[in-house]
Amino acid sequence: MQLVTLTAPDGHRERWDMKTTYLALLSWYSYLKDTENSKEPTELATRISKFVGDDIKQVHTFLVYLDGFNDDLYSKLSLLTHNSTKSTVQLYFIMKSINNHDYLSHNKKKEREREKIIDRIEQVTSNDENTLKRLIRLTKLFVDGQLSYKNMEVCK
C-alpha cells in the first residue's frame, strides 16, 4: 500500500494511504467549489484541510498529482516523453489538439510528425478519452512548473 506523507503548516505530519487521501481531497475540493450551497464538509475533508489549506487551485493540484498514481499515468507520461525529440510543452499541446475540431495543421512535414506522436499517445492511452484528459491535466502541472519529479515525495 502506498502512503502519502501530509505535512501541516505547523510541522505536524501524518501518513495516509493514497485512496483515503484522494477521497478526502475530492470531498474537500467539492466543498470548496461551492461553499455557499454545500453541506458541511465531511470529517475526512475537514481533517485534510488542515494540511492542504483552502486554496482551491492548490487542492486541485494535489488531486491531479494523486490521480497520476491511478492507472499508472506517470509511467504513461514517461513513455511519451522518453526518447522523444518533443518537449513536454509540445507534447501537451499535441495532446490538447487531439479531437479538437478547430485544430489547423501547419505544414505537411510537421503534420506527419504530429500524427506519429498522436499514434503513440493513442497507443499509450489505449485510445481512451478519459485517460487522455487525465494525462493532459497531469502534463499541464509539469508544463506550468507546479510539479517536477524532484519535488515529489510519495512513500511506499
# chains A, B, ... in the order shown; residues from 1 in each chain; ligands from 1
call {"tool": "select_by_dssp", "arguments": {"residues": "chain A", "states": "helix (DSSP H, G or I)", "output": "VMD selection string"}}
result
chain A and resid 18 to 33 43 to 52 56 to 67 70 to 81 88 to 97 108 to 124 129 to 143 149 to 151
call {"tool": "closest_atom_pairs", "arguments": {"of": "segment 60-144 of chain A", "to": "segment 11-20 of chain A", "cutoff": "10 Å", "atoms": "only C-alpha atoms", "output": "CSV"}}
result
residue,atom,partner,partner_atom,distance
A:Leu66,CA,A:Met18,CA,7.4
A:Asp67,CA,A:Met18,CA,9.5
A:Phe69,CA,A:Met18,CA,8.7
A:Asn70,CA,A:Lys19,CA,9.4
call {"tool": "atom_distance", "arguments": {"atom1": "atom CA of Leu25 of chain A", "atom2": "atom CA of Phe51 of chain A"}}
result
10.3 Å
call {"tool": "residues_around", "arguments": {"residues": "Ser87 of chain A", "least_positions_apart": "5", "cutoff": "10 Å", "atoms": "only C-alpha atoms", "output": "number ranges by chain"}}
result
A: 81, 92, 143
call {"tool": "closest_residue", "arguments": {"among": "A:Lys39, A:Asn99, A:Asn130, A:Gln90", "to": "Arg114 of chain A", "atoms": "only C-alpha atoms"}}
result
A:Gln90
call {"tool": "residues_around", "arguments": {"residues": "Tyr74 of chain A", "least_positions_apart": "2", "cutoff": "12 Å", "atoms": "only C-alpha atoms", "output": "PyMOL selection string"}}
result
chain A and resi 64-72+76-82+124-125+131+134-139+141-142+147-149+152
call {"tool": "select_by_dssp", "arguments": {"residues": "chain A", "states": "strand (DSSP E or B)", "output": "list in words"}}
result
Leu3, Val4, Thr5, Leu6, Thr7, Arg13, Glu14, Arg15, Trp16, Asp17, Val154 and Cys155 of chain A
call {"tool": "residues_around", "arguments": {"residues": "Tyr31 of chain A", "least_positions_apart": "5", "cutoff": "8 Å", "atoms": "only C-alpha atoms", "output": "number ranges by chain"}}
result
A: 38-41
call {"tool": "write_last_selection", "arguments": {"atoms": "N, CA, C and O atoms", "output": "compact mmCIF listing (two decimals), in the first residue's frame"}}
result
# COMPACT_ATOMS: atom_id res chain seq x y z
N SER A 38 -23.07 24.17 -0.35
CA SER A 38 -22.65 22.84 0.11
C SER A 38 -23.13 22.57 1.53
O SER A 38 -23.33 23.48 2.32
N LYS A 39 -23.24 21.27 1.80
CA LYS A 39 -23.43 20.86 3.19
C LYS A 39 -22.09 21.05 3.89
O LYS A 39 -21.08 21.34 3.27
N GLU A 40 -22.08 20.86 5.17
CA GLU A 40 -20.83 20.94 5.92
C GLU A 40 -19.86 19.90 5.36
O GLU A 40 -20.27 18.82 4.96
N PRO A 41 -18.56 20.21 5.33
CA PRO A 41 -17.60 19.22 4.81
C PRO A 41 -17.56 17.99 5.71
O PRO A 41 -17.82 18.06 6.90
call {"tool": "closest_residue", "arguments": {"among": "A:Leu73, A:Asp54, A:Thr46, A:Leu91", "to": "Glu115 of chain A", "atoms": "only C-alpha atoms"}}
result
A:Leu91
call {"tool": "closest_residue", "arguments": {"among": "A:Gln123, A:Ala24, A:Tyr103, A:Gly145", "to": "Leu63 of chain A", "atoms": "only C-alpha atoms"}}
result
A:Ala24
call {"tool": "closest_residue", "arguments": {"among": "A:Ile56, A:Leu6, A:Val89, A:Ile94", "to": "Ile117 of chain A", "atoms": "only C-alpha atoms"}}
result
A:Ile94
